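query.cif follows (mmCIF, C-alpha atoms, pLDDT in the B column; chains and numbers go by the auth columns):
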data_input
loop_
_atom_site.group_PDB
_atom_site.id
_atom_site.type_symbol
_atom_site.label_atom_id
_atom_site.label_comp_id
_atom_site.label_asym_id
_atom_site.label_seq_id
_atom_site.Cartn_x
_atom_site.Cartn_y
_atom_site.Cartn_z
_atom_site.B_iso_or_equiv
_atom_site.auth_seq_id
_atom_site.auth_asym_id
ATOM 1 C CA MET A 1 -0.402 8.309 25.893 89.00 1 A
ATOM 2 C CA GLN A 2 -0.960 4.617 25.290 90.00 2 A
ATOM 3 C CA ALA A 3 0.897 2.980 22.403 90.00 3 A
ATOM 4 C CA LEU A 4 1.278 -0.543 21.084 89.00 4 A
ATOM 5 C CA ILE A 5 5.034 -1.114 21.155 93.00 5 A
ATOM 6 C CA TYR A 6 6.951 -3.771 19.247 94.00 6 A
ATOM 7 C CA GLU A 7 9.388 -5.323 21.730 95.00 7 A
ATOM 8 C CA GLY A 8 10.736 -8.230 19.692 94.00 8 A
ATOM 9 C CA PRO A 9 9.654 -10.925 17.259 95.00 9 A
ATOM 10 C CA ARG A 10 5.965 -11.710 17.847 95.00 10 A
ATOM 11 C CA LEU A 11 5.946 -9.570 21.001 96.00 11 A
ATOM 12 C CA MET A 12 3.910 -6.359 21.255 94.00 12 A
ATOM 13 C CA ASN A 13 2.560 -4.700 24.397 96.00 13 A
ATOM 14 C CA MET A 14 0.479 -1.657 25.281 94.00 14 A
ATOM 15 C CA ARG A 15 2.677 0.791 27.163 94.00 15 A
ATOM 16 C CA GLU A 16 2.447 4.314 28.472 95.00 16 A
ATOM 17 C CA THR A 17 4.736 6.614 26.486 94.00 17 A
ATOM 18 C CA GLU A 18 5.300 10.342 26.261 93.00 18 A
ATOM 19 C CA GLU A 19 3.148 12.222 23.781 91.00 19 A
ATOM 20 C CA PRO A 20 5.310 13.579 20.967 92.00 20 A
ATOM 21 C CA VAL A 21 5.739 17.328 20.512 94.00 21 A
ATOM 22 C CA ALA A 22 5.673 18.935 17.072 94.00 22 A
ATOM 23 C CA GLY A 23 9.014 20.510 16.239 93.00 23 A
ATOM 24 C CA GLU A 24 9.660 23.432 13.934 92.00 24 A
ATOM 25 C CA ASP A 25 8.026 22.834 10.515 93.00 25 A
ATOM 26 C CA GLU A 26 6.240 19.709 11.842 95.00 26 A
ATOM 27 C CA VAL A 27 2.621 18.735 12.449 94.00 27 A
ATOM 28 C CA LEU A 28 1.400 16.475 15.253 94.00 28 A
ATOM 29 C CA ILE A 29 -1.476 14.217 14.196 93.00 29 A
ATOM 30 C CA ARG A 30 -3.960 12.759 16.684 92.00 30 A
ATOM 31 C CA VAL A 31 -4.306 9.323 15.102 90.00 31 A
ATOM 32 C CA ALA A 32 -7.816 7.985 14.552 93.00 32 A
ATOM 33 C CA PHE A 33 -6.950 4.902 12.481 91.00 33 A
ATOM 34 C CA SER A 34 -3.701 3.128 11.651 85.00 34 A
ATOM 35 C CA GLY A 35 -2.947 0.196 9.416 84.00 35 A
ATOM 36 C CA ILE A 36 0.063 -2.004 8.979 80.00 36 A
ATOM 37 C CA CYS A 37 1.884 -2.856 5.792 84.00 37 A
ATOM 38 C CA GLY A 38 3.951 -5.811 4.653 83.00 38 A
ATOM 39 C CA SER A 39 7.205 -4.416 6.038 84.00 39 A
ATOM 40 C CA GLU A 40 5.646 -4.087 9.486 86.00 40 A
ATOM 41 C CA LEU A 41 4.276 -7.608 9.305 90.00 41 A
ATOM 42 C CA SER A 42 7.724 -8.945 8.431 91.00 42 A
ATOM 43 C CA GLY A 43 9.148 -6.800 11.257 90.00 43 A
ATOM 44 C CA TYR A 44 6.664 -8.272 13.732 92.00 44 A
ATOM 45 C CA LEU A 45 7.782 -11.734 12.657 93.00 45 A
ATOM 46 C CA GLY A 46 11.440 -10.743 13.173 91.00 46 A
ATOM 47 C CA LYS A 47 12.293 -10.851 9.465 92.00 47 A
ATOM 48 C CA ASN A 48 12.915 -7.126 8.817 88.00 48 A
ATOM 49 C CA SER A 49 16.174 -5.661 10.124 85.00 49 A
ATOM 50 C CA LEU A 50 14.781 -2.104 9.805 85.00 50 A
ATOM 51 C CA ARG A 51 12.319 -2.717 12.665 86.00 51 A
ATOM 52 C CA LYS A 52 14.466 -2.529 15.790 89.00 52 A
ATOM 53 C CA PRO A 53 12.675 -2.794 19.147 92.00 53 A
ATOM 54 C CA PRO A 54 11.360 -0.945 20.962 94.00 54 A
ATOM 55 C CA VAL A 55 9.390 0.854 18.252 91.00 55 A
ATOM 56 C CA ILE A 56 5.816 1.982 17.636 90.00 56 A
ATOM 57 C CA PHE A 57 4.636 0.574 14.314 84.00 57 A
ATOM 58 C CA GLY A 58 2.399 2.459 11.953 78.00 58 A
ATOM 59 C CA HIS A 59 3.050 4.875 9.139 78.00 59 A
ATOM 60 C CA GLU A 60 -0.208 4.432 7.237 85.00 60 A
ATOM 61 C CA PHE A 61 -2.682 6.385 9.317 86.00 61 A
ATOM 62 C CA SER A 62 -5.308 9.098 9.373 93.00 62 A
ATOM 63 C CA GLY A 63 -6.376 11.569 12.016 95.00 63 A
ATOM 64 C CA THR A 64 -6.750 15.223 12.879 97.00 64 A
ATOM 65 C CA ILE A 65 -4.164 17.936 13.429 95.00 65 A
ATOM 66 C CA ALA A 66 -3.395 18.201 17.144 94.00 66 A
ATOM 67 C CA SER A 67 -0.770 20.947 16.952 92.00 67 A
ATOM 68 C CA LEU A 68 1.512 22.824 14.571 87.00 68 A
#
Please rewrite the model in this file as structure tokens.
Amino acid sequence: MQALIYEGPRLMNMRETEEPVAGEDEVLIRVAFSGICGSELSGYLGKNSLRKPPVIFGHEFSGTIASL
């Protein structure tokens, strides 16, 4: 799948990555829309130590269930 990956301060690139697999007691969501929040913005700018590259941003999203 294609994903926008944070690779360092002010550096994001579209990359091919493996599609995740739902584990036991998990749900895989096919994302339709995703937003960013203030912590991701500060991460993009290199001011949030919790955002360590490489990482796919986004935890505020909506979509449909792809698998259980």
* To do: Identify, on the basis of only C-alpha atoms, every residue whose closest approach to segment 6-16 of chain A does not exceed 12 Å; exclude the query and any residue fewer than 3 positions from it along the same chain; express the result as a ChimeraX atom specification.
  => /A:1-3,19,40-49,51-58
Hey, could you pull the box centre and edge lengths for segment 5-22 of chain A, axis-aligned, 6 Å padding per side, all listed atoms, to one decimal in Å, as lines of an AutoDock Vina configuration file?
center_x = 5.6
center_y = 3.6
center_z = 22.8
size_x = 22.3
size_y = 42.6
size_z = 23.4
* To do: Specify as number ranges by chain each residue included when the PyMOL selection byres ((chain A and resi 65) around 7) is applied to this file.
  => A: 27-30, 63-64, 66-67
* Between atom CA of His59 of chain A and atom CA of Ile36 of chain A, what is the spacing in Å? -> 7.5 Å
* Asked: What does the distance from atom CA of Ser39 of chain A to atom CA of Glu60 of chain A come to in Å, to one decimal?
  -> 11.6 Å
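For the set A:Cys37, A:Leu4, A:Pro20, A:Glu26, the residue with the smallest atom-to-atom gap to Phe61 of chain A is A:Cys37, counting only C-alpha atoms.
With distances restricted to all atoms listed in the file, A:Gly35 is the closest residue to Ser62 of chain A from A:Gly35, A:Asp25, A:Thr17, A:Ile5.
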Reconstructed N, CA and C atoms for segment 33-60 of chain A, given as a PDB file, in the coordinates of the input:
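Contents of the output file result.pdb:
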ATOM      1  N   PHE A  33      -7.063   6.262  13.017  1.00 91.00           N
ATOM      2  CA  PHE A  33      -6.950   4.902  12.481  1.00 91.00           C
ATOM      3  C   PHE A  33      -5.535   4.679  11.978  1.00 91.00           C
ATOM      4  N   SER A  34      -5.031   3.469  12.150  1.00 85.00           N
ATOM      5  CA  SER A  34      -3.701   3.128  11.651  1.00 85.00           C
ATOM      6  C   SER A  34      -3.739   1.716  11.101  1.00 85.00           C
ATOM      7  N   GLY A  35      -3.054   1.526  10.002  1.00 84.00           N
ATOM      8  CA  GLY A  35      -2.947   0.196   9.416  1.00 84.00           C
ATOM      9  C   GLY A  35      -1.507  -0.265   9.468  1.00 84.00           C
ATOM     10  N   ILE A  36      -1.294  -1.490   9.096  1.00 80.00           N
ATOM     11  CA  ILE A  36       0.063  -2.004   8.979  1.00 80.00           C
ATOM     12  C   ILE A  36       0.290  -2.415   7.536  1.00 80.00           C
ATOM     13  N   CYS A  37       1.547  -2.446   7.154  1.00 84.00           N
ATOM     14  CA  CYS A  37       1.884  -2.856   5.792  1.00 84.00           C
ATOM     15  C   CYS A  37       2.754  -4.102   5.862  1.00 84.00           C
ATOM     16  N   GLY A  38       3.154  -4.585   4.725  1.00 83.00           N
ATOM     17  CA  GLY A  38       3.951  -5.811   4.653  1.00 83.00           C
ATOM     18  C   GLY A  38       5.268  -5.716   5.388  1.00 83.00           C
ATOM     19  N   SER A  39       5.921  -4.543   5.340  1.00 84.00           N
ATOM     20  CA  SER A  39       7.205  -4.416   6.038  1.00 84.00           C
ATOM     21  C   SER A  39       7.021  -4.486   7.553  1.00 84.00           C
ATOM     22  N   GLU A  40       5.907  -3.988   8.051  1.00 86.00           N
ATOM     23  CA  GLU A  40       5.646  -4.087   9.486  1.00 86.00           C
ATOM     24  C   GLU A  40       5.298  -5.516   9.882  1.00 86.00           C
ATOM     25  N   LEU A  41       4.580  -6.203   9.028  1.00 90.00           N
ATOM     26  CA  LEU A  41       4.276  -7.608   9.305  1.00 90.00           C
ATOM     27  C   LEU A  41       5.562  -8.422   9.355  1.00 90.00           C
ATOM     28  N   SER A  42       6.456  -8.207   8.405  1.00 91.00           N
ATOM     29  CA  SER A  42       7.724  -8.945   8.431  1.00 91.00           C
ATOM     30  C   SER A  42       8.558  -8.525   9.637  1.00 91.00           C
ATOM     31  N   GLY A  43       8.464  -7.248  10.047  1.00 90.00           N
ATOM     32  CA  GLY A  43       9.148  -6.800  11.257  1.00 90.00           C
ATOM     33  C   GLY A  43       8.611  -7.492  12.491  1.00 90.00           C
ATOM     34  N   TYR A  44       7.295  -7.586  12.600  1.00 92.00           N
ATOM     35  CA  TYR A  44       6.664  -8.272  13.732  1.00 92.00           C
ATOM     36  C   TYR A  44       7.145  -9.715  13.829  1.00 92.00           C
ATOM     37  N   LEU A  45       7.321 -10.346  12.683  1.00 93.00           N
ATOM     38  CA  LEU A  45       7.782 -11.734  12.657  1.00 93.00           C
ATOM     39  C   LEU A  45       9.291 -11.861  12.872  1.00 93.00           C
ATOM     40  N   GLY A  46      10.000 -10.722  12.954  1.00 91.00           N
ATOM     41  CA  GLY A  46      11.440 -10.743  13.173  1.00 91.00           C
ATOM     42  C   GLY A  46      12.242 -10.924  11.901  1.00 91.00           C
ATOM     43  N   LYS A  47      11.633 -10.626  10.750  1.00 92.00           N
ATOM     44  CA  LYS A  47      12.293 -10.851   9.465  1.00 92.00           C
ATOM     45  C   LYS A  47      12.633  -9.560   8.738  1.00 92.00           C
ATOM     46  N   ASN A  48      12.619  -8.412   9.442  1.00 88.00           N
ATOM     47  CA  ASN A  48      12.915  -7.126   8.817  1.00 88.00           C
ATOM     48  C   ASN A  48      13.892  -6.383   9.723  1.00 88.00           C
ATOM     49  N   SER A  49      15.130  -6.263   9.289  1.00 85.00           N
ATOM     50  CA  SER A  49      16.174  -5.661  10.124  1.00 85.00           C
ATOM     51  C   SER A  49      15.967  -4.163  10.355  1.00 85.00           C
ATOM     52  N   LEU A  50      15.054  -3.525   9.605  1.00 85.00           N
ATOM     53  CA  LEU A  50      14.781  -2.104   9.805  1.00 85.00           C
ATOM     54  C   LEU A  50      13.907  -1.848  11.022  1.00 85.00           C
ATOM     55  N   ARG A  51      13.202  -2.851  11.502  1.00 86.00           N
ATOM     56  CA  ARG A  51      12.319  -2.717  12.665  1.00 86.00           C
ATOM     57  C   ARG A  51      13.068  -3.177  13.909  1.00 86.00           C
ATOM     58  N   LYS A  52      13.663  -2.215  14.613  1.00 89.00           N
ATOM     59  CA  LYS A  52      14.466  -2.529  15.790  1.00 89.00           C
ATOM     60  C   LYS A  52      13.694  -2.134  17.043  1.00 89.00           C
ATOM     61  N   PRO A  53      13.431  -3.101  17.931  1.00 92.00           N
ATOM     62  CA  PRO A  53      12.675  -2.794  19.147  1.00 92.00           C
ATOM     63  C   PRO A  53      13.482  -1.925  20.111  1.00 92.00           C
ATOM     64  N   PRO A  54      12.805  -1.158  20.952  1.00 94.00           N
ATOM     65  CA  PRO A  54      11.360  -0.945  20.962  1.00 94.00           C
ATOM     66  C   PRO A  54      10.971   0.117  19.932  1.00 94.00           C
ATOM     67  N   VAL A  55       9.856  -0.095  19.256  1.00 91.00           N
ATOM     68  CA  VAL A  55       9.390   0.854  18.252  1.00 91.00           C
ATOM     69  C   VAL A  55       7.861   0.794  18.174  1.00 91.00           C
ATOM     70  N   ILE A  56       7.255   1.922  17.864  1.00 90.00           N
ATOM     71  CA  ILE A  56       5.816   1.982  17.636  1.00 90.00           C
ATOM     72  C   ILE A  56       5.601   1.842  16.139  1.00 90.00           C
ATOM     73  N   PHE A  57       4.925   0.787  15.730  1.00 84.00           N
ATOM     74  CA  PHE A  57       4.636   0.574  14.314  1.00 84.00           C
ATOM     75  C   PHE A  57       3.561   1.549  13.845  1.00 84.00           C
ATOM     76  N   GLY A  58       3.470   1.678  12.555  1.00 78.00           N
ATOM     77  CA  GLY A  58       2.399   2.459  11.953  1.00 78.00           C
ATOM     78  C   GLY A  58       2.912   3.675  11.218  1.00 78.00           C
ATOM     79  N   HIS A  59       2.740   3.689   9.928  1.00 78.00           N
ATOM     80  CA  HIS A  59       3.050   4.875   9.139  1.00 78.00           C
ATOM     81  C   HIS A  59       1.968   5.106   8.090  1.00 78.00           C
ATOM     82  N   GLU A  60       0.956   4.275   8.115  1.00 85.00           N
ATOM     83  CA  GLU A  60      -0.208   4.432   7.237  1.00 85.00           C
ATOM     84  C   GLU A  60      -1.397   4.724   8.133  1.00 85.00           C
TER      85      GLU A  60
END
